[in-house]
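Colleague: Handing over entry15.cif, mmCIF, C-alpha atoms.
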data_final
loop_
_atom_site.label_atom_id
_atom_site.label_comp_id
_atom_site.auth_asym_id
_atom_site.auth_seq_id
_atom_site.Cartn_x
_atom_site.Cartn_y
_atom_site.Cartn_z
CA MET W 7 -168.45 147.27 -61.93
CA LYS W 8 -171.04 145.60 -59.70
CA ALA W 9 -173.31 145.10 -62.69
CA ASN W 10 -170.47 143.51 -64.66
CA SER W 11 -169.56 141.30 -61.69
CA SER W 12 -173.18 140.20 -61.27
CA GLN W 13 -173.48 139.45 -64.98
CA TYR W 14 -170.23 137.43 -64.90
CA LYS W 15 -171.46 135.36 -61.93
CA LYS W 16 -174.75 134.72 -63.68
CA SER W 17 -172.97 133.65 -66.87
CA SER W 18 -170.60 131.43 -64.88
CA THR W 19 -173.50 129.77 -63.06
CA ILE W 20 -175.31 129.04 -66.33
CA LYS W 21 -172.15 127.49 -67.78
CA ARG W 22 -171.72 125.26 -64.72
CA ILE W 23 -175.34 124.09 -64.99
CA VAL W 24 -174.94 123.38 -68.72
CA LEU W 25 -171.69 121.55 -68.04
CA TRP W 26 -173.31 119.36 -65.40
CA LEU W 27 -176.15 118.62 -67.82
CA ASN W 28 -173.48 117.68 -70.36
CA TYR W 29 -171.88 115.30 -67.84
CA PHE W 30 -175.25 113.63 -67.29
CA ALA W 31 -175.97 113.37 -71.04
CA ALA W 32 -172.51 111.90 -71.78
CA ILE W 33 -172.79 109.32 -68.98
CA ALA W 34 -176.34 108.45 -70.04
CA LEU W 35 -175.13 107.89 -73.61
CA LEU W 36 -172.43 105.53 -72.36
CA LEU W 37 -175.01 103.68 -70.27
CA SER W 38 -177.16 103.27 -73.39
CA PHE W 39 -174.23 101.45 -74.97
CA VAL W 40 -173.60 99.25 -71.91
CA SER W 41 -177.29 98.36 -71.55
CA LYS W 42 -177.27 95.83 -74.40
CA TYR W 43 -174.74 93.67 -72.55
CA ILE W 44 -176.78 93.40 -69.35
CA SER W 45 -180.08 91.54 -69.21
CA PRO W 46 -183.07 93.56 -67.95
CA GLN W 47 -183.71 90.60 -65.68
CA THR W 48 -180.43 91.49 -63.93
CA PHE W 49 -180.92 95.27 -63.82
CA TRP W 50 -183.92 96.53 -65.79
CA PRO W 51 -183.44 100.35 -65.39
CA LEU W 52 -180.47 100.18 -67.79
CA ALA W 53 -182.81 99.18 -70.61
CA PHE W 54 -184.41 102.64 -70.51
CA PHE W 55 -181.06 104.17 -71.47
CA GLY W 56 -180.82 101.77 -74.39
CA ILE W 57 -184.22 102.67 -75.85
CA SER W 58 -183.40 106.39 -75.35
CA TYR W 59 -180.21 106.18 -77.42
CA PRO W 60 -181.42 108.35 -80.37
CA ILE W 61 -182.49 111.16 -78.02
CA LEU W 62 -179.29 110.93 -75.98
CA LEU W 63 -177.22 111.00 -79.18
CA ILE W 64 -178.92 114.18 -80.39
CA LEU W 65 -178.39 115.80 -76.98
CA ASN W 66 -174.68 114.99 -77.02
CA ILE W 67 -174.24 116.25 -80.56
CA GLY W 68 -175.84 119.50 -79.42
CA PHE W 69 -173.47 119.83 -76.45
CA ALA W 70 -170.42 119.03 -78.59
CA VAL W 71 -171.37 121.70 -81.14
CA LEU W 72 -172.04 124.23 -78.36
CA TRP W 73 -168.60 123.82 -76.79
CA LEU W 74 -166.85 123.70 -80.17
CA ILE W 75 -168.36 127.07 -81.06
CA GLN W 76 -166.99 128.43 -77.78
CA MET W 77 -163.64 126.69 -78.36
CA ARG W 78 -163.90 124.75 -75.10
CA TRP W 79 -162.22 121.40 -74.44
CA TRP W 80 -165.48 120.31 -72.81
CA ALA W 81 -166.58 119.28 -76.32
CA LEU W 82 -164.52 116.13 -75.68
CA LEU W 83 -167.09 114.97 -73.09
CA SER W 84 -169.77 114.33 -75.67
CA GLY W 85 -167.34 113.80 -78.53
CA LEU W 86 -165.70 110.80 -76.88
CA SER W 87 -169.05 109.41 -75.74
CA ILE W 88 -170.37 109.58 -79.31
CA LEU W 89 -167.22 107.90 -80.61
CA ILE W 90 -167.39 105.07 -78.05
CA THR W 91 -171.06 104.41 -78.78
CA TYR W 92 -170.66 104.63 -82.57
CA PRO W 93 -171.63 100.94 -83.11
CA ASN W 94 -175.11 101.86 -81.86
CA LEU W 95 -175.33 104.63 -84.46
CA ALA W 96 -174.19 102.26 -87.22
CA SER W 97 -177.14 99.99 -86.34
CA ILE W 98 -179.63 102.82 -86.92
CA VAL W 99 -178.02 104.83 -89.73
CA HIS W 100 -175.86 103.10 -92.31
CA ILE W 101 -174.04 104.18 -95.45
CA ASN W 102 -173.32 101.28 -97.76
CA LEU W 103 -170.37 101.77 -100.12
CA SER W 104 -170.41 98.20 -101.42
CA SER W 105 -170.99 97.63 -105.14
CA LYS W 106 -172.59 94.21 -104.70
CA THR W 107 -175.80 93.73 -106.66
CA SER W 108 -178.45 91.05 -106.49
CA THR W 109 -178.32 88.12 -108.90
CA ASN W 110 -180.75 85.47 -110.13
CA ASN W 111 -179.25 83.01 -107.64
CA ASP W 112 -180.06 85.23 -104.65
CA ILE W 113 -182.77 84.38 -102.15
CA LYS W 114 -185.18 87.28 -101.70
CA VAL W 115 -186.35 87.41 -98.07
CA MET W 116 -189.12 89.68 -96.81
CA ASP W 117 -190.19 90.35 -93.24
CA TYR W 118 -193.39 92.21 -92.41
CA ASN W 119 -195.62 92.80 -89.42
CA SER W 120 -198.85 92.92 -91.43
CA MET W 121 -200.98 94.11 -88.49
CA LEU W 122 -203.66 91.57 -89.48
CA PHE W 123 -203.75 93.12 -92.98
CA ASP W 124 -205.56 96.09 -91.44
CA LEU W 125 -208.44 93.82 -90.42
CA TYR W 126 -209.98 96.46 -88.16
CA ASN W 127 -209.32 99.33 -90.56
CA TRP W 128 -206.87 101.18 -88.30
CA SER W 129 -205.59 103.04 -91.36
CA HIS W 130 -209.12 104.27 -92.20
CA ASN W 131 -208.53 103.11 -95.74
CA LYS W 132 -210.99 100.55 -97.11
CA GLN W 133 -208.50 99.62 -99.82
CA SER W 134 -205.63 98.92 -97.40
CA ARG W 135 -205.79 95.11 -97.60
CA LYS W 136 -205.85 95.27 -101.40
CA VAL W 137 -202.87 97.68 -101.43
CA ILE W 138 -200.88 95.46 -99.04
CA PHE W 139 -201.51 92.39 -101.17
CA GLU W 140 -200.56 94.26 -104.34
CA MET W 141 -197.30 95.29 -102.66
CA LEU W 142 -196.55 91.67 -101.72
CA GLN W 143 -197.31 90.53 -105.25
CA SER W 144 -195.08 93.25 -106.70
CA GLU W 145 -192.16 92.36 -104.40
CA SER W 146 -192.64 88.60 -104.97
CA PRO W 147 -190.24 87.30 -102.26
CA ASP W 148 -188.89 83.76 -102.18
CA ILE W 149 -189.35 83.67 -98.39
CA LEU W 150 -192.02 85.73 -96.64
CA CYS W 151 -192.21 85.99 -92.84
CA LEU W 152 -195.34 87.60 -91.44
CA GLN W 153 -196.12 88.61 -87.88
CA GLU W 154 -199.58 89.61 -86.62
CA PHE W 155 -200.99 87.29 -89.25
CA TYR W 156 -204.74 86.70 -89.52
CA THR W 157 -206.78 84.22 -91.51
CA SER W 158 -210.20 82.61 -91.29
CA GLU W 159 -211.68 79.31 -92.43
CA ASN W 160 -215.16 80.79 -92.28
CA PRO W 161 -216.52 81.03 -95.86
CA LYS W 162 -218.05 84.41 -94.98
CA SER W 163 -214.76 85.83 -93.71
CA ILE W 164 -211.24 86.35 -95.12
CA ASN W 165 -208.94 83.44 -95.86
CA ASN W 166 -205.58 85.16 -96.23
CA VAL W 167 -203.70 81.88 -96.62
CA ASP W 168 -205.60 80.97 -99.78
CA THR W 169 -205.25 84.49 -101.15
CA LEU W 170 -201.48 84.64 -100.61
CA VAL W 171 -200.86 81.18 -102.04
CA GLN W 172 -203.01 82.03 -105.05
CA PHE W 173 -200.97 84.97 -106.34
CA LEU W 174 -197.50 84.54 -104.76
CA LYS W 175 -194.85 82.03 -105.82
CA THR W 176 -194.47 81.04 -102.15
CA LYS W 177 -196.89 78.11 -102.30
CA ASN W 178 -195.55 76.33 -99.21
CA SER W 179 -196.63 77.66 -95.83
CA HIS W 180 -196.16 77.23 -92.10
CA MET W 181 -198.62 78.88 -89.72
CA GLU W 182 -198.82 78.76 -85.95
CA TYR W 183 -201.64 80.43 -84.09
CA THR W 184 -201.61 81.95 -80.62
CA THR W 185 -205.31 82.81 -80.64
CA THR W 186 -208.28 81.07 -82.25
CA LEU W 187 -211.88 82.20 -81.94
CA ARG W 188 -215.03 80.41 -83.09
CA GLU W 189 -212.74 77.54 -84.19
CA THR W 190 -212.30 79.28 -87.55
CA ASP W 191 -210.59 82.65 -86.97
CA HIS W 192 -206.85 82.52 -86.32
CA TRP W 193 -204.20 85.00 -85.16
CA GLY W 194 -200.48 84.24 -85.11
CA VAL W 195 -197.41 84.17 -87.36
CA ALA W 196 -196.83 82.67 -90.79
CA THR W 197 -193.93 81.80 -93.06
CA PHE W 198 -194.45 81.33 -96.80
CA THR W 199 -191.75 80.01 -99.10
CA LYS W 200 -191.28 78.76 -102.66
CA TYR W 201 -188.83 76.14 -101.38
CA PRO W 202 -189.93 72.68 -100.22
CA ILE W 203 -190.54 72.48 -96.48
CA VAL W 204 -188.97 69.47 -94.79
CA ARG W 205 -189.66 70.27 -91.12
CA LYS W 206 -191.78 72.60 -89.00
CA GLY W 207 -191.59 73.52 -85.33
CA LYS W 208 -192.29 76.23 -82.80
CA ILE W 209 -190.88 77.83 -79.67
CA VAL W 210 -193.70 78.63 -77.27
CA PHE W 211 -192.79 81.55 -75.01
CA ASP W 212 -195.84 81.51 -72.77
CA THR W 213 -199.16 79.75 -73.25
CA LYS W 214 -200.95 82.99 -72.31
CA SER W 215 -198.88 85.11 -74.68
CA ASN W 216 -199.74 86.32 -78.18
CA ASN W 217 -196.05 86.06 -79.07
CA ILE W 218 -194.28 83.07 -80.54
CA CYS W 219 -191.34 81.97 -82.67
CA ILE W 220 -191.66 79.34 -85.40
CA TYR W 221 -188.94 77.62 -87.37
CA THR W 222 -189.26 76.17 -90.85
CA ASP W 223 -186.60 73.98 -92.47
CA VAL W 224 -186.54 74.36 -96.25
CA LEU W 225 -184.52 72.67 -98.96
CA ILE W 226 -182.62 75.08 -101.23
CA ASP W 227 -180.82 73.00 -103.86
CA LYS W 228 -179.10 70.44 -101.61
CA ASP W 229 -178.84 72.68 -98.54
CA THR W 230 -181.26 72.62 -95.63
CA ILE W 231 -181.87 76.15 -94.37
CA ARG W 232 -183.70 76.94 -91.15
CA ILE W 233 -185.96 80.00 -91.15
CA TYR W 234 -186.88 81.42 -87.77
CA ASN W 235 -189.86 83.78 -87.66
CA ALA W 236 -190.09 85.54 -84.29
CA HIS W 237 -192.59 87.95 -82.82
CA LEU W 238 -191.33 89.11 -79.44
CA ALA W 239 -193.40 90.79 -76.73
CA SER W 240 -194.71 94.23 -77.56
CA ILE W 241 -194.92 97.19 -75.21
CA SER W 242 -198.73 96.93 -75.43
CA PHE W 243 -199.46 100.63 -75.24
CA GLY W 244 -203.15 101.47 -75.07
CA LYS W 245 -205.00 104.50 -76.40
CA LYS W 246 -204.22 106.53 -73.26
CA GLU W 247 -200.48 105.89 -73.55
CA TYR W 248 -200.44 106.85 -77.23
CA LYS W 249 -202.45 109.98 -76.45
CA PHE W 250 -199.86 110.89 -73.81
CA ILE W 251 -197.09 110.54 -76.41
CA ASP W 252 -199.10 112.69 -78.86
CA ASP W 253 -199.53 115.34 -76.16
CA LEU W 254 -195.79 115.39 -75.53
CA ASN W 255 -195.11 115.76 -79.25
CA ASN W 256 -197.58 118.66 -79.36
CA ASN W 257 -196.17 120.26 -76.17
CA GLU W 258 -199.44 119.72 -74.33
CA TYR W 259 -199.71 118.62 -70.71
CA HIS W 260 -202.67 117.58 -68.57
CA ASP W 261 -203.11 116.72 -64.89
CA SER W 262 -203.68 113.05 -65.72
CA ASP W 263 -200.39 112.77 -67.65
CA LEU W 264 -198.40 111.85 -64.53
CA VAL W 265 -200.48 108.70 -64.12
CA GLU W 266 -200.08 107.82 -67.80
CA SER W 267 -196.31 108.36 -67.64
CA LYS W 268 -196.14 105.82 -64.76
CA ASN W 269 -198.19 103.37 -66.85
CA ILE W 270 -195.76 103.81 -69.75
CA ILE W 271 -192.75 103.11 -67.53
CA LYS W 272 -194.45 99.98 -66.15
CA ARG W 273 -195.35 98.70 -69.63
CA LEU W 274 -191.84 99.39 -70.93
CA LYS W 275 -190.30 97.54 -67.98
CA ASN W 276 -192.55 94.50 -68.47
CA GLY W 277 -191.74 94.50 -72.18
CA PHE W 278 -187.98 94.60 -71.55
CA LEU W 279 -188.22 91.66 -69.14
CA LYS W 280 -190.41 89.52 -71.42
CA ARG W 281 -188.32 90.13 -74.54
CA ALA W 282 -185.09 89.28 -72.72
CA GLU W 283 -186.55 85.93 -71.66
CA GLU W 284 -188.00 85.22 -75.13
CA ALA W 285 -184.75 86.16 -76.89
CA GLU W 286 -182.79 83.83 -74.62
CA MET W 287 -185.18 80.98 -75.55
CA VAL W 288 -184.66 81.62 -79.27
CA VAL W 289 -180.86 81.84 -78.84
CA ALA W 290 -180.83 78.56 -76.88
CA HIS W 291 -182.80 76.88 -79.67
CA MET W 292 -180.56 78.30 -82.42
CA LYS W 293 -177.50 76.87 -80.65
CA THR W 294 -178.90 73.38 -81.22
CA CYS W 295 -179.45 74.03 -84.94
CA LYS W 296 -176.97 72.35 -87.33
CA TYR W 297 -178.26 74.22 -90.39
CA LYS W 298 -177.63 77.66 -91.86
CA ILE W 299 -180.02 80.16 -90.31
CA ILE W 300 -182.21 83.04 -91.46
CA LEU W 301 -183.86 84.85 -88.54
CA CYS W 302 -186.67 87.27 -89.33
CA GLY W 303 -189.00 89.04 -87.01
CA ASP W 304 -190.56 91.88 -85.17
CA PHE W 305 -188.35 92.03 -82.07
CA ASN W 306 -190.20 95.07 -80.69
CA ASP W 307 -186.81 96.28 -79.51
CA THR W 308 -184.03 98.51 -80.82
CA PRO W 309 -180.44 97.63 -81.80
CA SER W 310 -179.36 99.07 -78.43
CA SER W 311 -181.30 96.38 -76.58
CA PHE W 312 -180.19 93.21 -74.84
CA ALA W 313 -182.66 91.15 -76.91
CA TYR W 314 -181.21 92.31 -80.23
CA HIS W 315 -177.64 91.94 -78.97
CA ILE W 316 -177.92 88.26 -78.04
CA LEU W 317 -180.05 87.37 -81.08
CA SER W 318 -177.55 88.94 -83.49
CA GLU W 319 -174.36 87.95 -81.66
CA ASN W 320 -173.51 85.06 -84.00
CA LEU W 321 -175.49 86.29 -87.00
CA LYS W 322 -175.14 89.10 -89.50
CA ASP W 323 -177.63 91.96 -89.78
CA ALA W 324 -178.83 92.50 -93.37
CA PHE W 325 -179.35 96.24 -92.78
CA LYS W 326 -175.81 96.72 -91.46
CA GLU W 327 -174.44 94.72 -94.38
CA ALA W 328 -176.30 96.28 -97.28
CA GLY W 329 -178.70 98.97 -96.03
CA ASN W 330 -178.54 102.68 -96.72
CA GLY W 331 -179.82 105.64 -94.75
CA ILE W 332 -181.99 105.53 -91.64
CA GLY W 333 -183.14 102.03 -90.73
CA LYS W 334 -186.45 103.02 -89.15
CA THR W 335 -189.04 100.24 -89.50
CA TYR W 336 -191.72 101.42 -87.05
CA HIS W 337 -194.29 103.73 -88.61
CA GLY W 338 -195.63 105.57 -85.60
CA ASN W 339 -195.15 108.43 -83.16
CA LEU W 340 -192.01 106.96 -81.59
CA PRO W 341 -189.11 108.28 -83.71
CA LEU W 342 -186.27 106.38 -85.42
CA LEU W 343 -187.26 102.95 -84.12
CA ARG W 344 -185.75 99.98 -85.95
CA ILE W 345 -187.52 96.98 -84.46
CA ASP W 346 -187.92 94.65 -87.47
CA TYR W 347 -184.95 92.60 -88.62
CA ILE W 348 -183.54 90.07 -91.04
CA LEU W 349 -180.48 88.33 -89.57
CA HIS W 350 -178.57 85.47 -91.13
CA SER W 351 -175.69 83.03 -90.74
CA LYS W 352 -172.24 84.01 -91.93
CA ASP W 353 -172.63 81.39 -94.67
CA PHE W 354 -174.77 83.93 -96.52
CA GLU W 355 -173.66 87.12 -98.21
CA CYS W 356 -176.16 89.99 -98.37
CA HIS W 357 -176.36 91.62 -101.81
CA GLY W 358 -179.01 94.18 -101.04
CA TYR W 359 -181.44 95.52 -98.45
CA GLU W 360 -184.44 97.81 -98.75
CA ARG W 361 -187.30 99.17 -96.73
CA ILE W 362 -190.57 99.20 -98.66
CA ALA W 363 -192.41 102.54 -98.60
CA GLU W 364 -195.82 100.96 -97.87
CA SER W 365 -197.05 102.35 -94.55
CA LEU W 366 -200.71 101.33 -94.18
CA THR W 367 -199.76 99.45 -91.01
CA ASP W 368 -197.53 100.54 -88.13
CA HIS W 369 -194.54 98.70 -89.61
CA TYR W 370 -192.58 99.01 -92.83
CA PRO W 371 -191.86 95.78 -94.76
CA ILE W 372 -188.15 95.03 -95.21
CA CYS W 373 -186.40 92.92 -97.86
CA CYS W 374 -182.93 91.59 -98.47
CA TYR W 375 -181.15 89.45 -101.05
CA LEU W 376 -179.06 86.60 -99.66
CA HIS W 377 -176.51 84.53 -101.53
CA LEU W 378 -175.02 81.27 -100.29
CA LYS W 379 -171.25 81.75 -100.38
CA ASN W 380 -170.52 78.27 -101.73
CA LYS W 381 -172.86 78.71 -104.69
#
If you convert what's in this file into C-alpha cells, what do you get?
Modeller:
Amino acid sequence: MKANSSQYKKSSTIKRIVLWLNYFAAIALLLSFVSKYISPQTFWPLAFFGISYPILLILNIGFAVLWLIQMRWWALLSGLSILITYPNLASIVHINLSSKTSTNNDIKVMDYNSMLFDLYNWSHNKQSRKVIFEMLQSESPDILCLQEFYTSENPKSINNVDTLVQFLKTKNSHMEYTTTLRETDHWGVATFTKYPIVRKGKIVFDTKSNNICIYTDVLIDKDTIRIYNAHLASISFGKKEYKFIDDLNNNEYHDSDLVESKNIIKRLKNGFLKRAEEAEMVVAHMKTCKYKIILCGDFNDTPSSFAYHILSENLKDAFKEAGNGIGKTYHGNLPLLRIDYILHSKDFECHGYERIAESLTDHYPICCYLHLKNK
C-alpha cells in the first residue's frame, strides 16, 4: 500500500508540474499574439514571444494532444490558445482553395534578397551568380525588387545593373546605395521594372545604417503605381551567434554559450527596436501616398511582429491571398521564418503566389501575380 501511495503521489506531482508548464505555454502563446499590437519601443520583451510563435505553437499542440489522450479537460488550455492565435498560423501556413489563375494582364512582381549575388562566395559555389541570374531570366518578372544589391562601375569588377538590364525585360531601374567604396563599388537596394518610371525617392532610416526604403512611381497603362522596396534592420548575427544556434540544434553546449546567448538577446532586442522605428517611418510615408501601392521587402521580421502588423494593416498580403503551404522565406538555421513579403493595395487582386526553390543565398525569392480590379 505504501508503495502504491508513493507512486500515486509521484504521478500526481508530475501531472501538476506538466499542467503548470502547460499554463505557461498557453499564456506565452497568447502573448505572442498580443505582441504584434504593442511596439517594442513601448515594451520590448513582448517581441521575444512574437518571434517564438512557431515553437510555442508546437508546444501547445503537444500539450493538447497529451491531455486529449488522457481524456482531460485541460486540453482546452492549449486548444483555446491555439484557436485565439489562429491568425498568426494563417500567416505562416496557408491553404489556398481559390481557383484564380494568372492572366496576360497580370503584373508579375518578384522580391528577392540577393545577398550581393553571392559576391563573397558564401555558398561555396563558383557558379552561384550565374545560377541566380539564370533563375531571374527564367522567371522574367515585370517588377523586380532586390535587397542586398551590389554593383560596380569598375571595368575590372562586376556591373550587375548592366547585366540585369541586358537580359531582363525590366529595362528601367532605380538604385539607392547605403555604402560606396572606392567611388565605384556600391551596396544598397534596387528596383527594376518594364514600366516607365515617372518619379523616384527614398526614405532614409539612419545615415549610419545599411538599411533603407526606396519608392518608385511607375506608369501602368494610365495608372500611376507606387512601388516601395524596403530592407529593414537585420539581427546582425555574427559567426559566434550562428555557431551557438548550430550547437543548440546539435544538442551541444559549451561554457562560452552563456555569453553568446546574452549577445543574441541583445542583438534581437536592438533589431526589434530599429525595425519598429523603420516600419513606422514607412507607414507614415505610405499614408501620404495618393497612388495604389505595392510594398516589397525583406522586413527581417515575422508575421507575428509589430513591424509586419503596421506595414500590412491597410494592405493585403500576397501569400495569405494566394499562397499554399509553409511560407518560409529564410533559408537558414532558424526554422519556419517568413521575413520576405509582397504586400499590395486592395485595388489589386492576387492571382497567384510562389516561392522559388533557388537557395544559393539565405533567402528564397518570392513572386506573385497582381491584377488591377478595374482592368
Colleague: Identify, on the basis of all atoms listed in the file, every residue whose closest approach to W:Val40 does not exceed 10 Å; exclude the query and any residue fewer than 6 positions from it along the same chain; express the result as a compact mmCIF listing (two decimals) with C-alpha atoms, keeping the file's coordinate frame.
Modeller:
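Final output, result-v4.txt:
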# COMPACT_ATOMS: atom_id res chain seq x y z
CA ALA W 34 -176.34 108.45 -70.04
CA LEU W 52 -180.47 100.18 -67.79
CA ALA W 53 -182.81 99.18 -70.61
CA PHE W 55 -181.06 104.17 -71.47
CA GLY W 56 -180.82 101.77 -74.39
CA THR W 91 -171.06 104.41 -78.78
CA SER W 310 -179.36 99.07 -78.43
CA SER W 311 -181.30 96.38 -76.58
CA PHE W 312 -180.19 93.21 -74.84
Colleague: Dig up all the protein and nucleic acid residues within 12 Å of (-170.3, 124.8, -77.4) in the file frame, using only C-alpha atoms, and format them as a list in words.
Modeller: Lys21, Val24, Leu25, Asn28, Asn66, Ile67, Gly68, Phe69, Ala70, Val71, Leu72, Trp73, Leu74, Ile75, Gln76, Met77, Arg78, Trp79, Trp80, Ala81, Leu82, Leu83, Ser84 and Gly85 of chain W
Colleague: Written as a list of chain:residue names, which residues does the PyMOL selection byres ((chain W and resi 202) around 7) give for the file shown?
Modeller: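 Applied to this file, the PyMOL selection byres ((chain W and resi 202) around 7) returns W:Asn178, W:Lys200, W:Tyr201, W:Ile203, W:Val204, W:Val224, W:Leu225.
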Colleague: By how many Å are atom CA of W:Ile64 and atom CA of W:Ile20 apart?
Modeller: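 Here the two named atoms are 20.8 Å from each other.
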Colleague: For the structure provided, state which residues fall under the PyMOL selection byres ((chain W and resi 196-199) around 7), and present them as a PyMOL selection string.
Modeller: chain W and resi 148-153+155+176-182+194-195+200-201
Colleague: Show me the residues around (-177.9, 86.2, -90.4) - criterion: an atom at most 10 Å away, only C-alpha atoms counted - as a ChimeraX atom specification.
Modeller: /W:298-302,317-324,347-356,376
Colleague: How many Å separate atom CA of W:Ser41 from atom CA of W:His237?
Modeller: 21.7 Å
Colleague: If we count all atoms listed in the file and set the cut-off at 12 Å, which residues sit around W:Asn165, ignoring sequence neighbours fewer than 2 positions away in its own chain? Please answer as a ChimeraX atom specification.
Modeller: /W:122-123,125,155-163,167-172,190-193
Colleague: Out of W:Ala239, W:Ile231, W:Leu65, W:Leu27, which residue has the shortest atom-to-atom distance to W:Lys296 when counting all atoms listed in the file?
Modeller: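 Counting all atoms listed in the file, the residue closest to W:Lys296 is W:Ile231.
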Colleague: Given the file shown, enumerate the residues that the PyMOL selection byres ((chain W and resi 136) around 12) captures and present them as a PDB file with C-alpha atoms, keeping the file's coordinate frame.
Modeller:
ATOM      1  CA  PHE W 123    -203.750  93.120 -92.980  1.00  0.00           C
ATOM      2  CA  ASP W 124    -205.560  96.090 -91.440  1.00  0.00           C
ATOM      3  CA  LEU W 125    -208.440  93.820 -90.420  1.00  0.00           C
ATOM      4  CA  ASN W 131    -208.530 103.110 -95.740  1.00  0.00           C
ATOM      5  CA  LYS W 132    -210.990 100.550 -97.110  1.00  0.00           C
ATOM      6  CA  GLN W 133    -208.500  99.620 -99.820  1.00  0.00           C
ATOM      7  CA  SER W 134    -205.630  98.920 -97.400  1.00  0.00           C
ATOM      8  CA  ARG W 135    -205.790  95.110 -97.600  1.00  0.00           C
ATOM      9  CA  VAL W 137    -202.870  97.680-101.430  1.00  0.00           C
ATOM     10  CA  ILE W 138    -200.880  95.460 -99.040  1.00  0.00           C
ATOM     11  CA  PHE W 139    -201.510  92.390-101.170  1.00  0.00           C
ATOM     12  CA  GLU W 140    -200.560  94.260-104.340  1.00  0.00           C
ATOM     13  CA  MET W 141    -197.300  95.290-102.660  1.00  0.00           C
ATOM     14  CA  LEU W 142    -196.550  91.670-101.720  1.00  0.00           C
ATOM     15  CA  GLN W 143    -197.310  90.530-105.250  1.00  0.00           C
ATOM     16  CA  ASN W 166    -205.580  85.160 -96.230  1.00  0.00           C
ATOM     17  CA  THR W 169    -205.250  84.490-101.150  1.00  0.00           C
ATOM     18  CA  LEU W 170    -201.480  84.640-100.610  1.00  0.00           C
ATOM     19  CA  LEU W 366    -200.710 101.330 -94.180  1.00  0.00           C
TER      20      LEU W 366
END
Colleague: To one decimal place, how far is atom CA of W:Phe325 from atom CA of W:Phe211 in Å?
Modeller: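 Rounded to one decimal, the two atoms are 26.7 Å apart.
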Colleague: Between W:Met116, W:Ala96, W:Leu62, W:Ala236, single out the one closest to W:Asn216, counting all atoms listed in the file.
Modeller: W:Ala236
Colleague: List the neighbours of W:Leu95 out to 9 Å using only C-alpha atoms; skip same-chain residues closer than 6 positions along the sequence, and give me the result as a list in words.
Modeller: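 That gives Tyr59, Pro60, Leu63 and Ile88 of chain W.
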Colleague: Check the smallest atom-to-atom distance from each of W:Ser18, W:Ser240, W:Thr335, W:Thr230 to W:Lys280 using all atoms listed in the file, then report the winner.
Modeller: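 Among the listed residues, W:Ser240 lies closest to W:Lys280.
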Colleague: Using all atoms listed in the file, which of W:Arg344, W:Lys208, W:Arg22, W:His291 sits nearest W:Lys326?
Modeller: W:Arg344
